[in-house]
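Below is the file data13.csv, which contains CSV, C-alpha atoms.
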```
chain,number,residue,atom,x,y,z
A,1,MET,CA,236.8,-32.8,243.6
A,2,LEU,CA,238.5,-34.5,240.7
A,3,ASN,CA,238.5,-32.7,237.4
A,4,ASN,CA,240.2,-32.6,234.0
A,5,LEU,CA,240.7,-28.9,233.9
A,6,LYS,CA,244.5,-29.4,233.4
A,7,VAL,CA,243.9,-31.6,230.3
A,8,LEU,CA,241.4,-29.2,228.8
A,9,ARG,CA,243.7,-26.3,229.4
A,10,ALA,CA,246.7,-28.2,227.9
A,11,MET,CA,244.6,-29.1,224.8
A,12,ARG,CA,244.2,-25.4,224.2
A,13,SER,CA,247.8,-24.6,225.0
A,14,TRP,CA,246.7,-22.2,227.8
A,15,SER,CA,248.8,-21.5,230.8
A,16,GLN,CA,247.2,-21.3,234.2
A,17,GLN,CA,247.5,-17.5,233.9
A,18,ASP,CA,245.7,-17.6,230.5
A,19,LEU,CA,242.8,-19.6,232.0
A,20,ALA,CA,242.7,-17.3,235.1
A,21,GLU,CA,242.4,-14.2,232.9
A,22,ARG,CA,239.6,-15.8,230.9
A,23,LEU,CA,237.7,-16.8,234.1
A,24,GLU,CA,238.6,-13.5,235.8
A,25,VAL,CA,240.1,-15.2,238.8
A,26,SER,CA,243.6,-15.4,240.3
A,27,ARG,CA,246.1,-17.9,238.9
A,28,GLN,CA,246.2,-19.4,242.4
A,29,SER,CA,242.5,-20.2,242.1
A,30,VAL,CA,243.1,-22.1,238.9
A,31,ASN,CA,245.9,-24.0,240.5
A,32,ALA,CA,243.8,-24.9,243.6
A,33,ILE,CA,240.9,-26.1,241.4
A,34,GLU,CA,243.2,-28.1,239.1
A,35,THR,CA,244.9,-29.9,242.0
A,36,GLY,CA,241.6,-30.6,243.7
A,37,LYS,CA,242.5,-28.4,246.7
A,38,TYR,CA,239.5,-26.2,246.2
A,39,ASP,CA,236.0,-27.0,244.9
A,40,PRO,CA,234.7,-24.0,242.9
A,41,SER,CA,231.3,-22.6,243.6
A,42,LEU,CA,228.4,-23.5,241.2
A,43,PRO,CA,228.6,-20.1,239.4
A,44,LEU,CA,232.3,-20.5,238.8
A,45,ALA,CA,231.9,-24.1,237.7
A,46,PHE,CA,229.3,-23.0,235.2
A,47,ARG,CA,231.7,-20.3,234.0
A,48,ILE,CA,234.4,-22.9,233.5
A,49,ALA,CA,232.0,-25.2,231.6
A,50,GLU,CA,230.8,-22.4,229.4
A,51,LEU,CA,234.4,-21.4,228.6
A,52,PHE,CA,235.2,-24.9,227.5
A,53,ASP,CA,231.8,-25.3,225.9
A,54,LEU,CA,231.2,-28.6,227.8
A,55,PRO,CA,228.7,-29.8,230.3
A,56,ILE,CA,229.9,-29.5,234.0
A,57,GLU,CA,229.9,-33.2,234.5
A,58,GLU,CA,232.4,-33.6,231.6
A,59,ILE,CA,234.8,-31.4,233.5
A,60,PHE,CA,234.2,-32.2,237.1
A,61,ALA,CA,233.7,-35.7,238.5
A,62,SER,CA,230.8,-36.2,240.9
A,63,PRO,CA,232.4,-37.1,244.2
A,64,SER,CA,229.6,-39.6,245.0
A,65,ARG,CA,229.9,-41.4,241.6
A,66,HIS,CA,233.6,-41.3,241.2
A,67,SER,CA,234.9,-41.7,244.7
A,68,SER,CA,238.0,-43.7,243.7
A,69,LYS,CA,238.8,-43.0,240.1
A,70,ALA,CA,239.9,-39.9,238.2
A,71,VAL,CA,237.9,-38.4,235.3
B,1,MET,CA,268.5,-4.0,247.7
B,2,PHE,CA,267.4,-7.6,247.4
B,3,ALA,CA,267.1,-7.0,243.6
B,4,GLN,CA,268.8,-10.3,242.6
B,5,THR,CA,266.5,-12.6,244.7
B,6,SER,CA,263.1,-14.0,243.8
B,7,PRO,CA,260.1,-11.8,244.7
B,8,ARG,CA,259.1,-14.2,247.5
B,9,THR,CA,262.5,-14.2,249.0
B,10,ALA,CA,262.9,-10.5,248.6
B,11,ALA,CA,259.5,-10.0,250.5
B,12,ARG,CA,260.7,-12.2,253.3
B,13,LEU,CA,264.0,-10.3,253.5
B,14,TRP,CA,262.2,-7.0,253.7
B,15,VAL,CA,260.0,-8.4,256.5
B,16,GLY,CA,263.1,-9.5,258.3
B,17,ALA,CA,264.8,-6.1,257.8
B,18,TYR,CA,261.6,-4.3,259.0
B,19,LEU,CA,261.4,-6.5,262.2
B,20,ILE,CA,265.1,-6.1,263.0
B,21,ALA,CA,264.9,-2.3,262.4
B,22,THR,CA,261.8,-1.7,264.5
B,23,LEU,CA,262.6,-4.1,267.3
B,24,GLY,CA,266.2,-3.1,267.3
B,25,THR,CA,265.5,0.6,267.6
B,26,ALA,CA,262.8,-0.1,270.2
B,27,ALA,CA,265.5,-2.0,272.2
B,28,LEU,CA,267.9,0.8,271.8
B,29,LEU,CA,265.3,3.2,273.2
B,30,LYS,CA,264.2,0.9,276.0
B,31,THR,CA,267.8,0.2,277.2
B,32,GLY,CA,268.6,3.9,277.0
B,33,ILE,CA,271.5,3.4,274.5
B,34,VAL,CA,269.8,6.0,272.3
B,35,SER,CA,267.3,8.1,274.2
B,36,GLY,CA,265.1,11.2,273.8
B,37,TRP,CA,264.1,12.6,270.5
B,38,PRO,CA,267.0,11.1,268.5
B,39,GLY,CA,265.9,7.7,269.7
B,40,LEU,CA,262.3,8.4,268.8
B,41,ALA,CA,263.4,9.7,265.4
B,42,ILE,CA,265.3,6.6,264.4
B,43,PHE,CA,262.4,4.4,265.7
B,44,LEU,CA,260.0,6.4,263.5
B,45,ALA,CA,262.4,6.2,260.6
B,46,SER,CA,262.5,2.4,260.9
B,47,PHE,CA,258.8,2.3,260.0
B,48,LEU,CA,259.7,3.8,256.6
B,49,LEU,CA,260.8,0.3,255.7
B,50,LEU,CA,257.1,-0.5,255.5
B,51,PHE,CA,257.0,1.1,252.0
B,52,PRO,CA,259.5,-1.3,250.4
B,53,LEU,CA,258.0,-4.1,252.4
B,54,VAL,CA,254.5,-3.6,251.0
B,55,ARG,CA,255.9,-3.1,247.5
B,56,SER,CA,257.9,-6.3,247.7
B,57,THR,CA,254.9,-8.1,249.1
B,58,GLU,CA,252.8,-7.0,246.2
B,59,ARG,CA,255.5,-8.2,243.7
B,60,ALA,CA,255.6,-11.6,245.6
B,61,GLN,CA,251.8,-11.8,245.5
B,62,ALA,CA,251.8,-11.1,241.8
B,63,ALA,CA,254.5,-13.7,241.2
B,64,CYS,CA,252.5,-16.3,243.2
B,65,GLY,CA,249.2,-15.4,241.4
B,66,PHE,CA,247.6,-13.9,244.4
B,67,THR,CA,247.0,-10.4,243.1
B,68,SER,CA,243.6,-8.8,243.1
B,69,LYS,CA,242.2,-5.3,243.2
B,70,ALA,CA,240.9,-5.8,246.7
B,71,MET,CA,244.3,-7.1,248.0
B,72,LYS,CA,246.1,-4.0,246.5
B,73,ALA,CA,243.6,-1.7,248.2
B,74,TYR,CA,244.1,-3.6,251.5
B,75,ASN,CA,247.9,-3.3,251.2
B,76,ARG,CA,247.5,0.5,250.7
B,77,ARG,CA,245.1,0.7,253.7
B,78,VAL,CA,247.5,-1.3,255.9
B,79,LEU,CA,250.4,1.0,255.0
B,80,ILE,CA,248.4,4.1,255.8
B,81,ALA,CA,247.1,2.7,259.0
B,82,SER,CA,250.5,1.5,260.2
B,83,MET,CA,252.2,4.8,259.5
B,84,SER,CA,249.4,6.7,261.1
B,85,TYR,CA,249.5,4.4,264.1
B,86,VAL,CA,253.2,4.9,264.7
B,87,VAL,CA,252.9,8.7,264.5
B,88,ALA,CA,249.8,8.8,266.7
B,89,LEU,CA,251.3,6.4,269.3
B,90,LEU,CA,254.6,8.2,269.6
B,91,GLY,CA,252.9,11.6,269.6
B,92,GLY,CA,250.3,10.5,272.1
B,93,MET,CA,253.0,8.9,274.4
B,94,GLY,CA,255.1,12.1,274.2
B,95,ILE,CA,252.2,14.4,275.1
B,96,VAL,CA,251.1,12.2,278.0
B,97,ARG,CA,254.6,11.8,279.4
B,98,TYR,CA,255.8,15.4,279.0
B,99,TYR,CA,252.7,17.4,279.5
B,100,GLU,CA,250.6,15.2,281.8
B,101,PRO,CA,247.3,16.4,280.5
B,102,PRO,CA,244.0,16.0,282.3
B,103,ALA,CA,241.9,12.8,282.0
B,104,LEU,CA,239.6,14.2,279.3
B,105,VAL,CA,242.6,15.0,277.0
B,106,ARG,CA,244.1,11.6,277.7
B,107,ILE,CA,240.8,10.0,276.6
B,108,VAL,CA,240.9,11.9,273.3
B,109,ILE,CA,244.6,10.9,272.8
B,110,ALA,CA,243.7,7.2,273.5
B,111,MET,CA,240.9,7.4,270.9
B,112,ILE,CA,243.2,9.0,268.4
B,113,VAL,CA,245.9,6.3,268.9
B,114,ALA,CA,243.2,3.6,268.6
B,115,LEU,CA,241.7,5.0,265.4
B,116,PRO,CA,244.4,3.7,263.0
B,117,VAL,CA,244.1,0.3,264.6
B,118,ILE,CA,240.3,0.4,264.0
B,119,PHE,CA,241.0,1.5,260.5
B,120,LEU,CA,243.2,-1.6,260.1
B,121,ILE,CA,240.4,-3.9,261.3
B,122,ARG,CA,238.1,-2.1,258.9
B,123,ALA,CA,240.6,-2.7,256.1
B,124,MET,CA,240.4,-6.5,256.8
B,125,ALA,CA,236.6,-6.3,256.8
B,126,LEU,CA,236.6,-4.4,253.4
B,127,LEU,CA,239.1,-7.0,252.0
B,128,LEU,CA,236.7,-9.8,252.9
B,129,ARG,CA,233.8,-7.9,251.4
B,130,ASP,CA,235.5,-6.6,248.2
B,131,GLU,CA,237.5,-9.7,247.3
B,132,THR,CA,235.8,-11.1,244.2
B,133,ASP,CA,238.0,-14.1,243.8
B,134,GLU,CA,236.2,-16.8,245.8
B,135,TYR,CA,239.3,-18.9,246.4
B,136,LEU,CA,241.3,-16.0,247.8
B,137,ARG,CA,238.3,-15.0,249.9
B,138,ALA,CA,238.0,-18.5,251.3
B,139,ARG,CA,241.6,-18.5,252.2
B,140,LEU,CA,241.2,-15.2,254.0
B,141,VAL,CA,238.2,-16.5,255.9
B,142,GLU,CA,240.1,-19.6,256.9
B,143,GLN,CA,243.1,-17.5,258.0
B,144,SER,CA,240.9,-15.1,260.0
B,145,LEU,CA,239.2,-18.1,261.8
B,146,ILE,CA,242.6,-19.6,262.7
B,147,ALA,CA,243.8,-16.1,263.9
B,148,THR,CA,240.7,-15.7,266.0
B,149,GLY,CA,241.0,-19.1,267.5
B,150,ILE,CA,244.6,-18.5,268.4
B,151,LEU,CA,243.7,-15.1,270.0
B,152,LEU,CA,240.8,-16.5,272.0
B,153,THR,CA,242.9,-19.5,273.2
B,154,ALA,CA,245.8,-17.3,274.2
B,155,ALA,CA,243.6,-14.7,275.9
B,156,THR,CA,241.8,-17.4,277.9
B,157,LEU,CA,244.9,-19.2,279.0
B,158,TYR,CA,246.8,-16.0,279.8
B,159,GLY,CA,243.7,-14.6,281.6
B,160,PHE,CA,243.6,-17.4,284.0
B,161,LEU,CA,247.4,-17.4,284.5
B,162,ASN,CA,247.1,-13.7,285.3
B,163,ALA,CA,244.1,-14.4,287.6
B,164,PHE,CA,246.1,-16.9,289.6
B,165,ASP,CA,249.0,-14.4,289.8
B,166,LEU,CA,251.2,-16.5,287.6
B,167,ALA,CA,251.7,-14.0,284.8
B,168,PRO,CA,251.9,-10.2,284.7
B,169,ARG,CA,249.0,-8.1,283.3
B,170,ILE,CA,249.1,-7.5,279.5
B,171,ASP,CA,247.6,-4.4,277.9
B,172,ALA,CA,244.4,-5.2,275.9
B,173,TRP,CA,245.7,-3.5,272.8
B,174,ALA,CA,248.0,-6.5,272.3
B,175,ALA,CA,244.9,-8.4,270.9
B,176,VAL,CA,245.3,-6.9,267.4
B,177,PRO,CA,249.0,-7.6,267.0
B,178,LEU,CA,248.4,-11.1,268.3
B,179,TRP,CA,245.5,-11.6,265.8
B,180,ALA,CA,247.8,-10.4,263.0
B,181,VAL,CA,250.4,-13.0,264.1
B,182,GLY,CA,247.6,-15.6,263.9
B,183,LEU,CA,246.9,-14.5,260.3
B,184,GLY,CA,250.5,-15.3,259.5
B,185,ILE,CA,250.3,-18.7,261.2
B,186,GLY,CA,247.0,-19.4,259.4
B,187,ARG,CA,248.8,-18.8,256.1
B,188,LEU,CA,251.3,-21.5,256.9
B,189,PHE,CA,248.5,-24.0,257.2
B,190,ARG,CA,247.7,-23.8,253.4
B,191,LYS,CA,250.9,-24.1,251.3
B,192,ASP,CA,250.1,-23.0,247.8
B,193,PRO,CA,252.4,-24.2,245.1
B,194,ALA,CA,253.4,-22.4,241.9
B,195,CYS,CA,255.2,-19.5,243.6
```
So that I can check it, write out the structure of this file as structure tokens.
Amino acid sequence: MLNNLKVLRAMRSWSQQDLAERLEVSRQSVNAIETGKYDPSLPLAFRIAELFDLPIEEIFASPSRHSSKAV
Amino acid sequence: MFAQTSPRTAARLWVGAYLIATLGTAALLKTGIVSGWPGLAIFLASFLLLFPLVRSTERAQAACGFTSKAMKAYNRRVLIASMSYVVALLGGMGIVRYYEPPALVRIVIAMIVALPVIFLIRAMALLLRDETDEYLRARLVEQSLIATGILLTAATLYGFLNAFDLAPRIDAWAAVPLWAVGLGIGRLFRKDPAC
């Protein structure tokens, strides 16, 4: 699933480890989500959205609506 | 030893050293180059390499961002189970070979030797249950499925080869080591960057 987690993280000057600690997940999880290798569960997606204080759809692109373009 | 290398390379080197030491001393015992209790002693001693192996693996996991409480507990359980298994296996084999005990005693010995392996299987189950990181848990589930697929495929193929007298019989305890090899193969399917 496409997302702009990397951009949001960079805007706050957070490393993957910083974000991982804030989300209480492993750094590898952050990496897998950022690169689109792994789609987070709904609870984790909500945690991410709450951390950045944004609606989920502003962080993750709906696969059905954005099948060919990045967020 | 291996202090100058990256954590991941160091872990790989310790795995190599462990395999060479255990398989090498086993070969020395099997061929009779070193026999009796001295041979058993160096074979047992080679398993002490599991301690630096687990420590280096934990460092590599930390460097790669794979560390979790559940994984650390799993590593400890695997270490305890492996060391207990070696002691139980060699002790059991020694008692059966030198004292030729009655069937009832051999049943008890077989159960004692199997216990650490069962503990190992339980460790994997606890890891899957206790891992709170959903990505790491998904990876473990994927690896377990690949390992199970490899084991079932190999068992089916080998079973028929054996049934048609094309391959010798293999002891059933080989299932767990083969499953563990499958876990390693499963890990190769998902190459995680950033480590």
Considering only C-alpha atoms, return as a PyMOL selection string whatever protein or nucleic-acid residues lie within 8 Å of Leu44 (chain B), sequence-local ones (same chain, fewer than 3 positions apart) excluded. chain B and resi 40-41+47-48+86-87
Output of the above residues as a tab-separated table (two decimals), in the frame of the given file, restricted to C-alpha atoms:
```tsv
chain	number	residue	atom	x	y	z
B	40	LEU	CA	262.30	8.40	268.80
B	41	ALA	CA	263.40	9.70	265.40
B	47	PHE	CA	258.80	2.30	260.00
B	48	LEU	CA	259.70	3.80	256.60
B	86	VAL	CA	253.20	4.90	264.70
B	87	VAL	CA	252.90	8.70	264.50
```
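CA of Arg27 (chain A) to CA of Glu134 (chain B) spans 12.1 Å [interatomic distance, one decimal].
Any residue of chain A with an atom no more than 7 Å from chain B counts as a contact; using only C-alpha atoms, that gives Val25, Ser26, Arg27, Gln28 and Ser29 of chain A.
Using only C-alpha atoms, the smallest distance between any of A:Thr35, A:Asn3, A:Leu42, A:Arg47 and Arg22 (chain A) comes from A:Arg47.
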Quick one: residues within 12 Å of Tyr158 (chain B), all atoms listed in the file, excluding same-chain residues fewer than 3 positions away - as a list of chain:residue names? B:Ile150, B:Leu151, B:Leu152, B:Thr153, B:Ala154, B:Ala155, B:Leu161, B:Asn162, B:Ala163, B:Phe164, B:Asp165, B:Leu166, B:Ala167, B:Pro168, B:Arg169, B:Ile170, B:Asp171, B:Ala172, B:Ala175
